[in-house]
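Here the structure is laid out as structure tokens; the discussion comes afterwards.
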Amino acid sequence: MAADADLDLVEVAPNSKPPVAKIMDFGKFKYEAAQKQKEARRNQANTVLKEVRFRLKIDKHDYETKTKRAVGFLAQGDKVKAMILFRGREQSRPEMGVRLLQQFAEDIAEFGTVESRPRIDGRNMVMVITPVKNKSEAKAELNARRAEEKAIRKADKAAGSAPAGE
């Protein structure tokens with residue numbers, strides 16, 4: 001039948017019982033499989049660990065700026081490492097650092113969850129926050145938003161170039 005149709009007999013699932021074979025163009029099949037693999041590689045994303053550094057006596061506005069930055073990282077699907085730098089006598093007050101990091105975790109709770117509780121690492125106190133969305137979901141969402149905006153711009157451009165007398 002494959003020879004009559006000028007196509008190839010391709011074994012699709014050799015391990016199944018009974019083995020599955022299809023009549024198709026083998027070159028086209030190989031090309032489509034390569035395209036699927038390429039698309040999967042492009043959509044695969046590695047999670048990156050981004051860092052946000054605080055001082056213990058951080059001003060309210062500076063804290064809000066750092067929080068916004070961390071929210072941006074989490075929205076992109078990256079992990080955030082919140083670090084408080086202790087200097088001098090501040091090292092004798094680790095409970096204040098814990099309080100600040102807990103406040104930070106509460107402020108960004110809708111975008112990420114705490115992966116590791118605050119712990120002291122030398123002169124620093126560190127906490128890691130994991131995003132709610134993984135990297136590939138965030139990337140797919142961003143691509144969809146961009147495509148939507150592009151379609152809107154294209155529609156606006158088409159509407160703007162229509163003759164004025166109609």
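Each chain in the structure tokens gets a letter, A, B, ..., in the order shown, and its residues are numbered from 1; ligands are numbered from 1 in order too.
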Check region 95-135 of chain A with DSSP on the backbone and list each residue it calls helix (DSSP H, G or I), as a VMD selection string. chain A and resid 95 to 107 135
Wanna dump the region 11-78 of chain A-region 114-127 of chain A contacts at 12 Å for me, each residue with its shortest atom pair and the distance in Å to one decimal, counting only C-alpha atoms, ordered by chain and number, as CSV?
```
residue,atom,partner,partner_atom,distance
A:Leu49,CA,A:Met127,CA,11.7
A:Lys50,CA,A:Met127,CA,11.7
A:Glu51,CA,A:Val126,CA,9.9
A:Val52,CA,A:Val126,CA,9.9
A:Arg53,CA,A:Val126,CA,9.3
A:Phe54,CA,A:Met125,CA,9.7
A:Arg55,CA,A:Asn124,CA,9.6
A:Leu56,CA,A:Met125,CA,10.0
A:Leu74,CA,A:Val114,CA,11.7
```
Taking only residues of region 36-94 of chain A that have an atom at most 12 Å from an atom of region 132-156 of chain A, what is each one's shortest atom pair and its distance in Å to one decimal, using only C-alpha atoms, in chain and number order, as a tab-separated table?
```
residue	atom	partner	partner_atom	distance
A:Ala40	CA	A:Ser136	CA	10.4
A:Arg41	CA	A:Ser136	CA	10.9
A:Arg42	CA	A:Ser136	CA	9.7
A:Asn43	CA	A:Ser136	CA	6.3
A:Gln44	CA	A:Ser136	CA	6.3
A:Ala45	CA	A:Ser136	CA	5.7
A:Asn46	CA	A:Lys135	CA	7.0
A:Thr47	CA	A:Lys135	CA	6.1
A:Val48	CA	A:Lys135	CA	9.0
A:Leu49	CA	A:Lys135	CA	11.6
A:Val71	CA	A:Val132	CA	10.9
A:Gly72	CA	A:Ala138	CA	11.1
A:Phe73	CA	A:Lys135	CA	10.3
A:Leu74	CA	A:Val132	CA	7.6
A:Ala75	CA	A:Ala138	CA	6.7
A:Gln76	CA	A:Ala138	CA	5.5
A:Gly77	CA	A:Lys135	CA	4.0
A:Asp78	CA	A:Lys135	CA	6.6
A:Lys79	CA	A:Asn134	CA	9.4
A:Val80	CA	A:Val132	CA	11.7
```
Go ahead and dump the residues you just picked, C-alpha atoms, as a compact mmCIF listing (two decimals), in the first residue's frame.
```txt
# COMPACT_ATOMS: atom_id res chain seq x y z
CA ALA A 40 11.06 21.98 23.27
CA ARG A 41 14.68 23.14 23.66
CA ARG A 42 13.67 26.76 23.09
CA ASN A 43 10.85 26.59 25.64
CA GLN A 44 13.06 24.87 28.21
CA ALA A 45 14.28 27.47 30.66
CA ASN A 46 16.80 27.26 33.46
CA THR A 47 15.87 28.83 36.76
CA VAL A 48 18.37 31.47 37.79
CA LEU A 49 19.12 32.54 41.35
CA VAL A 71 8.74 40.63 42.58
CA GLY A 72 9.96 41.23 39.01
CA PHE A 73 12.47 38.39 39.32
CA LEU A 74 9.81 36.05 40.73
CA ALA A 75 7.35 37.00 37.96
CA GLN A 76 10.00 36.00 35.41
CA GLY A 77 10.28 32.61 37.13
CA ASP A 78 13.65 33.14 38.83
CA LYS A 79 14.48 32.27 42.43
CA VAL A 80 15.37 35.17 44.72
```
Skip region 1-11 of chain A itself and residues of its chain fewer than 2 positions away, then list as a PyMOL selection string all residues within 9 Å of it, counting only C-alpha atoms. chain A and resi 13-14+19-26+29
Close residues, Tyr63 (chain A) itself excluded, 12 Å, only C-alpha atoms, min 5 positions apart in chain, as number ranges by chain: A: 52-58, 68-70, 82, 84, 100-101, 103-104, 107
Write the residues of the preceding selection, restricted to N, CA and C atoms, as a PDB file, in the first residue's frame.
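Everything below was put into part_35.pdb:
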```pdb
ATOM      1  N   VAL A  52      18.948  39.825  46.074  1.00  0.00           N
ATOM      2  CA  VAL A  52      18.523  41.153  46.529  1.00  0.00           C
ATOM      3  C   VAL A  52      19.190  41.367  47.879  1.00  0.00           C
ATOM      4  N   ARG A  53      19.981  42.428  47.999  1.00  0.00           N
ATOM      5  CA  ARG A  53      20.715  42.686  49.245  1.00  0.00           C
ATOM      6  C   ARG A  53      20.096  43.839  50.024  1.00  0.00           C
ATOM      7  N   PHE A  54      19.958  43.628  51.323  1.00  0.00           N
ATOM      8  CA  PHE A  54      19.430  44.642  52.235  1.00  0.00           C
ATOM      9  C   PHE A  54      20.492  44.975  53.266  1.00  0.00           C
ATOM     10  N   ARG A  55      20.321  46.104  53.886  1.00  0.00           N
ATOM     11  CA  ARG A  55      21.032  46.410  55.123  1.00  0.00           C
ATOM     12  C   ARG A  55      19.983  46.367  56.219  1.00  0.00           C
ATOM     13  N   LEU A  56      20.424  46.188  57.436  1.00  0.00           N
ATOM     14  CA  LEU A  56      19.483  46.068  58.543  1.00  0.00           C
ATOM     15  C   LEU A  56      18.676  47.351  58.738  1.00  0.00           C
ATOM     16  N   LYS A  57      19.326  48.499  58.600  1.00  0.00           N
ATOM     17  CA  LYS A  57      18.647  49.787  58.789  1.00  0.00           C
ATOM     18  C   LYS A  57      18.243  50.373  57.441  1.00  0.00           C
ATOM     19  N   ILE A  58      17.461  49.623  56.671  1.00  0.00           N
ATOM     20  CA  ILE A  58      17.063  50.057  55.330  1.00  0.00           C
ATOM     21  C   ILE A  58      15.877  51.021  55.448  1.00  0.00           C
ATOM     22  N   LYS A  68      10.064  45.462  44.935  1.00  0.00           N
ATOM     23  CA  LYS A  68       9.582  45.484  43.548  1.00  0.00           C
ATOM     24  C   LYS A  68      10.522  44.721  42.637  1.00  0.00           C
ATOM     25  N   ARG A  69      11.807  44.890  42.866  1.00  0.00           N
ATOM     26  CA  ARG A  69      12.818  44.204  42.058  1.00  0.00           C
ATOM     27  C   ARG A  69      12.688  42.688  42.231  1.00  0.00           C
ATOM     28  N   ALA A  70      12.512  42.252  43.472  1.00  0.00           N
ATOM     29  CA  ALA A  70      12.366  40.829  43.761  1.00  0.00           C
ATOM     30  C   ALA A  70      11.081  40.272  43.134  1.00  0.00           C
ATOM     31  N   ALA A  82      17.348  36.562  49.190  1.00  0.00           N
ATOM     32  CA  ALA A  82      17.315  37.802  49.966  1.00  0.00           C
ATOM     33  C   ALA A  82      18.431  37.735  50.996  1.00  0.00           C
ATOM     34  N   ILE A  84      20.697  39.903  53.968  1.00  0.00           N
ATOM     35  CA  ILE A  84      20.903  41.075  54.827  1.00  0.00           C
ATOM     36  C   ILE A  84      22.371  41.104  55.206  1.00  0.00           C
ATOM     37  N   LEU A 100      13.006  41.343  59.574  1.00  0.00           N
ATOM     38  CA  LEU A 100      12.996  42.020  58.271  1.00  0.00           C
ATOM     39  C   LEU A 100      12.760  41.019  57.137  1.00  0.00           C
ATOM     40  N   LEU A 101      13.413  39.874  57.203  1.00  0.00           N
ATOM     41  CA  LEU A 101      13.231  38.863  56.150  1.00  0.00           C
ATOM     42  C   LEU A 101      11.828  38.257  56.191  1.00  0.00           C
ATOM     43  N   GLN A 103       9.143  39.885  57.136  1.00  0.00           N
ATOM     44  CA  GLN A 103       8.302  40.939  56.551  1.00  0.00           C
ATOM     45  C   GLN A 103       8.413  40.910  55.026  1.00  0.00           C
ATOM     46  N   PHE A 104       9.638  40.730  54.536  1.00  0.00           N
ATOM     47  CA  PHE A 104       9.893  40.646  53.093  1.00  0.00           C
ATOM     48  C   PHE A 104       9.133  39.463  52.494  1.00  0.00           C
ATOM     49  N   ASP A 107       5.486  40.262  52.244  1.00  0.00           N
ATOM     50  CA  ASP A 107       5.186  41.244  51.205  1.00  0.00           C
ATOM     51  C   ASP A 107       5.180  40.646  49.803  1.00  0.00           C
TER      52      ASP A 107
END
```
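The two atoms in question, CA of Glu39 (chain A) and CA of Phe111 (chain A), are spaced 27.3 Å apart.
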Which of region 106-150 of chain A fall in strand (DSSP E), as a VMD selection string: chain A and resid 112 to 121 124 to 131
